[in-house]
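Listing of run.tsv, TSV, C-alpha atoms
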```tsv
chain	number	residue	atom	x	y	z
P	8	MET	CA	0.00	0.00	0.00
P	9	LYS	CA	2.82	2.44	0.77
P	10	THR	CA	4.34	1.96	-2.67
P	11	ASN	CA	1.01	2.74	-4.32
P	12	ASN	CA	0.65	6.02	-2.35
P	13	LEU	CA	4.23	7.00	-3.17
P	14	PHE	CA	3.56	6.32	-6.84
P	15	LYS	CA	0.38	8.44	-6.74
P	16	THR	CA	2.32	11.36	-5.20
P	17	PHE	CA	5.59	11.06	-7.10
P	18	VAL	CA	4.25	10.72	-10.66
P	19	PRO	CA	2.01	13.85	-10.66
P	20	ILE	CA	4.80	15.99	-9.15
P	21	THR	CA	7.32	14.66	-11.67
P	22	LEU	CA	4.93	15.35	-14.54
P	23	LEU	CA	4.30	18.89	-13.23
P	24	VAL	CA	8.04	19.62	-13.01
P	25	ILE	CA	8.61	18.29	-16.54
P	26	PHE	CA	5.70	20.37	-17.84
P	27	LEU	CA	6.97	23.55	-16.16
P	28	ILE	CA	10.50	23.10	-17.49
P	29	SER	CA	9.42	22.25	-21.03
P	30	SER	CA	6.74	24.95	-21.29
P	31	GLY	CA	9.02	27.77	-20.20
P	32	SER	CA	6.55	28.92	-17.57
P	33	ALA	CA	7.07	32.00	-15.46
P	34	LEU	CA	8.46	29.84	-12.67
P	35	ALA	CA	11.30	28.66	-14.89
P	36	GLN	CA	12.09	32.11	-16.29
P	37	VAL	CA	14.25	34.74	-14.70
P	38	PRO	CA	12.94	38.26	-15.25
P	39	THR	CA	15.38	40.58	-16.94
P	40	THR	CA	15.76	44.31	-16.57
P	41	LYS	CA	17.44	46.67	-18.96
P	42	ALA	CA	20.46	48.40	-17.56
P	43	LEU	CA	19.89	52.13	-17.62
P	44	PRO	CA	22.80	54.48	-18.09
P	45	ASP	CA	24.43	55.83	-14.93
P	46	THR	CA	23.43	59.49	-15.14
P	47	SER	CA	25.77	60.51	-12.32
P	48	LYS	CA	28.77	60.08	-14.64
P	49	MET	CA	27.15	61.61	-17.73
P	50	THR	CA	27.90	65.06	-18.97
P	51	TYR	CA	24.88	67.30	-19.29
P	52	ASN	CA	24.39	66.66	-23.00
P	53	GLN	CA	25.80	63.16	-23.43
P	54	ILE	CA	22.46	61.69	-24.54
P	55	SER	CA	21.87	64.32	-27.22
P	56	ASN	CA	25.51	64.07	-28.37
P	57	GLY	CA	25.16	60.28	-28.59
P	58	LEU	CA	22.16	60.82	-30.86
P	59	LYS	CA	24.11	63.38	-32.90
P	60	LEU	CA	21.62	66.09	-31.94
P	61	VAL	CA	22.34	69.61	-30.77
P	62	VAL	CA	20.03	70.57	-27.91
P	63	PHE	CA	20.03	74.26	-26.99
P	64	PRO	CA	18.42	75.46	-23.74
P	65	ALA	CA	16.12	78.11	-25.30
P	66	LYS	CA	14.67	79.16	-21.94
P	67	GLY	CA	18.00	79.47	-20.11
P	68	GLN	CA	17.85	76.05	-18.43
P	69	SER	CA	20.92	75.12	-16.37
P	70	GLN	CA	23.23	72.27	-17.35
P	71	LYS	CA	21.87	70.25	-14.43
P	72	GLN	CA	18.29	70.83	-15.62
P	73	GLN	CA	19.22	69.95	-19.19
P	74	LYS	CA	20.83	66.70	-18.02
P	75	LYS	CA	17.63	65.82	-16.12
P	76	ASP	CA	15.38	66.80	-19.02
P	77	GLU	CA	17.45	64.82	-21.53
P	78	PHE	CA	17.30	61.74	-19.32
P	79	ASP	CA	13.54	62.12	-18.88
P	80	CYS	CA	13.15	62.42	-22.66
P	81	TYR	CA	15.54	59.51	-23.19
P	82	MET	CA	13.23	57.33	-21.10
P	83	TRP	CA	10.07	58.70	-22.74
P	84	GLY	CA	11.53	58.18	-26.21
P	85	MET	CA	12.25	54.53	-25.35
P	86	GLU	CA	8.64	54.05	-24.27
P	87	GLN	CA	7.32	55.65	-27.46
P	88	SER	CA	9.66	54.00	-29.98
P	89	GLY	CA	10.29	50.69	-28.25
P	90	ILE	CA	14.08	50.95	-28.64
P	91	ASP	CA	17.05	52.05	-26.58
P	92	PRO	CA	19.30	53.99	-28.98
P	93	LEU	CA	22.32	53.81	-26.67
P	94	ASN	CA	22.08	49.99	-26.55
P	95	LEU	CA	20.68	49.24	-29.99
P	96	PRO	CA	21.25	45.68	-31.20
P	97	LYS	CA	22.23	45.55	-34.84
P	98	THR	CA	19.78	43.94	-37.23
P	99	GLU	CA	21.37	40.83	-38.69
P	100	ALA	CA	21.44	40.61	-42.47
P	101	ALA	CA	20.37	37.27	-43.90
P	102	VAL	CA	23.72	36.56	-45.55
P	103	GLN	CA	23.91	33.26	-47.39
P	104	SER	CA	26.81	31.17	-48.55
P	105	GLY	CA	27.22	27.81	-50.16
P	106	PRO	CA	26.02	26.28	-53.41
P	107	THR	CA	23.41	28.24	-55.33
P	108	GLY	CA	22.40	25.76	-58.00
P	109	GLY	CA	24.10	27.86	-60.66
P	110	ALA	CA	26.54	25.05	-61.47
P	111	VAL	CA	23.74	22.57	-62.16
P	112	LYS	CA	21.81	25.00	-64.34
P	113	GLY	CA	24.98	26.02	-66.18
P	114	ALA	CA	26.00	22.38	-66.70
P	115	ALA	CA	22.60	21.55	-68.15
P	116	ARG	CA	22.76	24.49	-70.55
P	117	GLY	CA	26.36	23.64	-71.46
P	118	ALA	CA	25.54	19.98	-72.05
P	119	VAL	CA	22.76	20.87	-74.48
P	120	ALA	CA	24.96	23.30	-76.38
P	121	GLY	CA	27.92	20.88	-76.25
P	122	ALA	CA	25.83	18.00	-77.56
P	123	ALA	CA	24.78	20.10	-80.53
P	124	VAL	CA	28.38	21.09	-81.29
P	125	GLY	CA	29.56	17.53	-80.67
P	126	ALA	CA	26.92	16.14	-83.01
P	127	ILE	CA	28.26	18.33	-85.79
P	128	ALA	CA	31.82	17.18	-85.01
P	129	GLY	CA	30.75	13.54	-84.85
P	130	ASP	CA	30.77	12.83	-81.06
P	131	ALA	CA	27.69	14.22	-79.31
P	132	GLY	CA	28.54	12.53	-75.96
P	133	LYS	CA	32.02	14.04	-75.80
P	134	GLY	CA	30.63	17.44	-76.81
P	135	ALA	CA	27.96	17.21	-74.11
P	136	ALA	CA	30.57	16.35	-71.46
P	137	ILE	CA	32.81	19.25	-72.45
P	138	GLY	CA	29.81	21.60	-72.60
P	139	ALA	CA	28.57	20.45	-69.21
P	140	THR	CA	31.96	21.13	-67.61
P	141	ALA	CA	32.28	24.55	-69.19
P	142	GLY	CA	28.65	25.43	-68.41
P	143	GLY	CA	29.04	24.26	-64.82
P	144	MET	CA	32.04	26.51	-64.28
P	145	LYS	CA	30.20	29.45	-65.80
P	146	GLY	CA	27.14	28.68	-63.66
P	147	VAL	CA	29.25	28.65	-60.49
P	148	GLY	CA	30.53	32.13	-61.32
P	149	ARG	CA	27.02	33.42	-62.01
P	150	GLY	CA	25.71	31.84	-58.83
P	151	ARG	CA	28.42	33.47	-56.72
P	152	GLN	CA	27.79	36.83	-58.34
P	153	GLN	CA	24.03	36.57	-57.70
P	154	GLN	CA	24.64	35.47	-54.12
P	155	ALA	CA	27.01	38.41	-53.54
P	156	GLN	CA	24.34	40.79	-54.86
P	157	GLN	CA	21.69	39.23	-52.61
P	158	ASN	CA	24.00	39.48	-49.58
P	159	GLU	CA	24.75	43.12	-50.37
P	160	GLN	CA	21.03	43.87	-50.63
P	161	ALA	CA	20.36	42.08	-47.32
P	162	GLN	CA	23.06	44.11	-45.57
P	163	ALA	CA	21.72	47.37	-47.02
P	164	SER	CA	18.23	46.42	-45.87
P	165	ALA	CA	19.47	45.65	-42.34
P	166	ALA	CA	21.28	49.00	-42.19
P	167	ALA	CA	18.12	50.78	-43.36
P	168	THR	CA	16.11	48.98	-40.67
P	169	ASP	CA	18.56	50.09	-37.98
P	170	GLN	CA	18.49	53.67	-39.26
P	171	ALA	CA	14.68	53.68	-39.28
P	172	LYS	CA	14.71	52.58	-35.61
P	173	VAL	CA	17.10	55.37	-34.66
P	174	ASP	CA	15.08	57.92	-36.65
P	175	SER	CA	11.91	56.81	-34.85
P	176	TYR	CA	13.61	57.29	-31.51
P	177	LYS	CA	15.09	60.68	-32.48
P	178	LYS	CA	11.63	61.88	-33.47
P	179	ALA	CA	10.21	60.93	-30.06
P	180	PHE	CA	13.20	62.36	-28.14
P	181	SER	CA	13.07	65.62	-30.10
P	182	ALA	CA	9.33	66.05	-29.51
P	183	CYS	CA	9.83	65.54	-25.79
P	184	ILE	CA	12.84	67.84	-25.40
P	185	GLU	CA	11.25	70.58	-27.50
P	186	GLY	CA	8.20	70.35	-25.23
P	187	LYS	CA	10.50	71.15	-22.30
P	188	GLY	CA	11.66	74.40	-23.94
P	189	TYR	CA	14.77	73.35	-25.90
P	190	THR	CA	15.67	73.91	-29.51
P	191	VAL	CA	16.88	70.80	-31.39
P	192	LYS	CA	19.05	70.75	-34.51
```

Since I need it in another form, could you write the structure as C-alpha cells?
Amino acid sequence: MKTNNLFKTFVPITLLVIFLISSGSALAQVPTTKALPDTSKMTYNQISNGLKLVVFPAKGQSQKQQKKDEFDCYMWGMEQSGIDPLNLPKTEAAVQSGPTGGAVKGAARGAVAGAAVGAIAGDAGKGAAIGATAGGMKGVGRGRQQQAQQNEQAQASAAATDQAKVDSYKKAFSACIEGKGYTVK
C-alpha cells in the first residue's frame, strides 16, 4: 500500500516539473531588466551628443536641468519607440553562402549546347561532357555573383532597418525635449 501512495504522489509531481520546465513557464524564467545608463557620470548633453543632436536650452535652463530633461526624454523616447538607442542591437542581415544551384543549371545548358556542337563534329557525348563542364564553371561564377548581390542587398536592408529605428527614436526624443523648452538641430 505504501508503494502505491508513493507512486500516486511522485508521478504527478514529476509530470508537473517536466511540464513547467518544457513549457518555459514563469516559474522557470528569470525576469530581466534593462540596464539604464548611470546618469551621475554623464555630462549634461551626453544623450543628445550620442544621438548626434544639438540641444540648446532656449529658456536658459541650467546644465543640471538639461541633463535631467534629456534623461527624462531619453526614457520617454524609449517608451514611445520601443528601442534604446544607446544599446541598440544591430539587425542581422540574412547573408547566405554555399552552393546556389548555378553550377547545375549552367551544366545543363552547357551539355545541351555541347551535344549540338559535338553532333556536328561527330561525337555528341564528348561534346555534351565538355559543354557540361564549361557550363558548370560558368554557372558557379554566375551563382556566386548573384549570391554576392543578394547578400549586399540584405546588408543594405538591415542597415536601413537600424536607421529607421534610430530615426523613430530621435523623433520621439526631439518632440519631448522641445516640449520642455529646448531647440533641437

- line: In Å and to one decimal, atom CA of Gln68 of chain P is distant from atom CA of Ile90 of chain P by 27.4 Å

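For the pair atom CA of Thr190 of chain P and atom CA of Asp174 of chain P, the separation is 17.5 Å.
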
Using all atoms listed in the file, can you list as a tab-separated table (two decimals) with C-alpha atoms, in the frame of the given file the residues within 10 Å of (17.1, 51.7, -29.5)?
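Here's the written file point09.tsv:
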```
chain	number	residue	atom	x	y	z
P	84	GLY	CA	11.53	58.18	-26.21
P	85	MET	CA	12.25	54.53	-25.35
P	88	SER	CA	9.66	54.00	-29.98
P	89	GLY	CA	10.29	50.69	-28.25
P	90	ILE	CA	14.08	50.95	-28.64
P	91	ASP	CA	17.05	52.05	-26.58
P	92	PRO	CA	19.30	53.99	-28.98
P	93	LEU	CA	22.32	53.81	-26.67
P	94	ASN	CA	22.08	49.99	-26.55
P	95	LEU	CA	20.68	49.24	-29.99
P	96	PRO	CA	21.25	45.68	-31.20
P	97	LYS	CA	22.23	45.55	-34.84
P	169	ASP	CA	18.56	50.09	-37.98
P	172	LYS	CA	14.71	52.58	-35.61
P	173	VAL	CA	17.10	55.37	-34.66
P	174	ASP	CA	15.08	57.92	-36.65
P	175	SER	CA	11.91	56.81	-34.85
P	176	TYR	CA	13.61	57.29	-31.51
P	177	LYS	CA	15.09	60.68	-32.48
```

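If you look at atom CA of Gln152 of chain P and atom CA of Glu99 of chain P, they are 21.1 Å away from each other.
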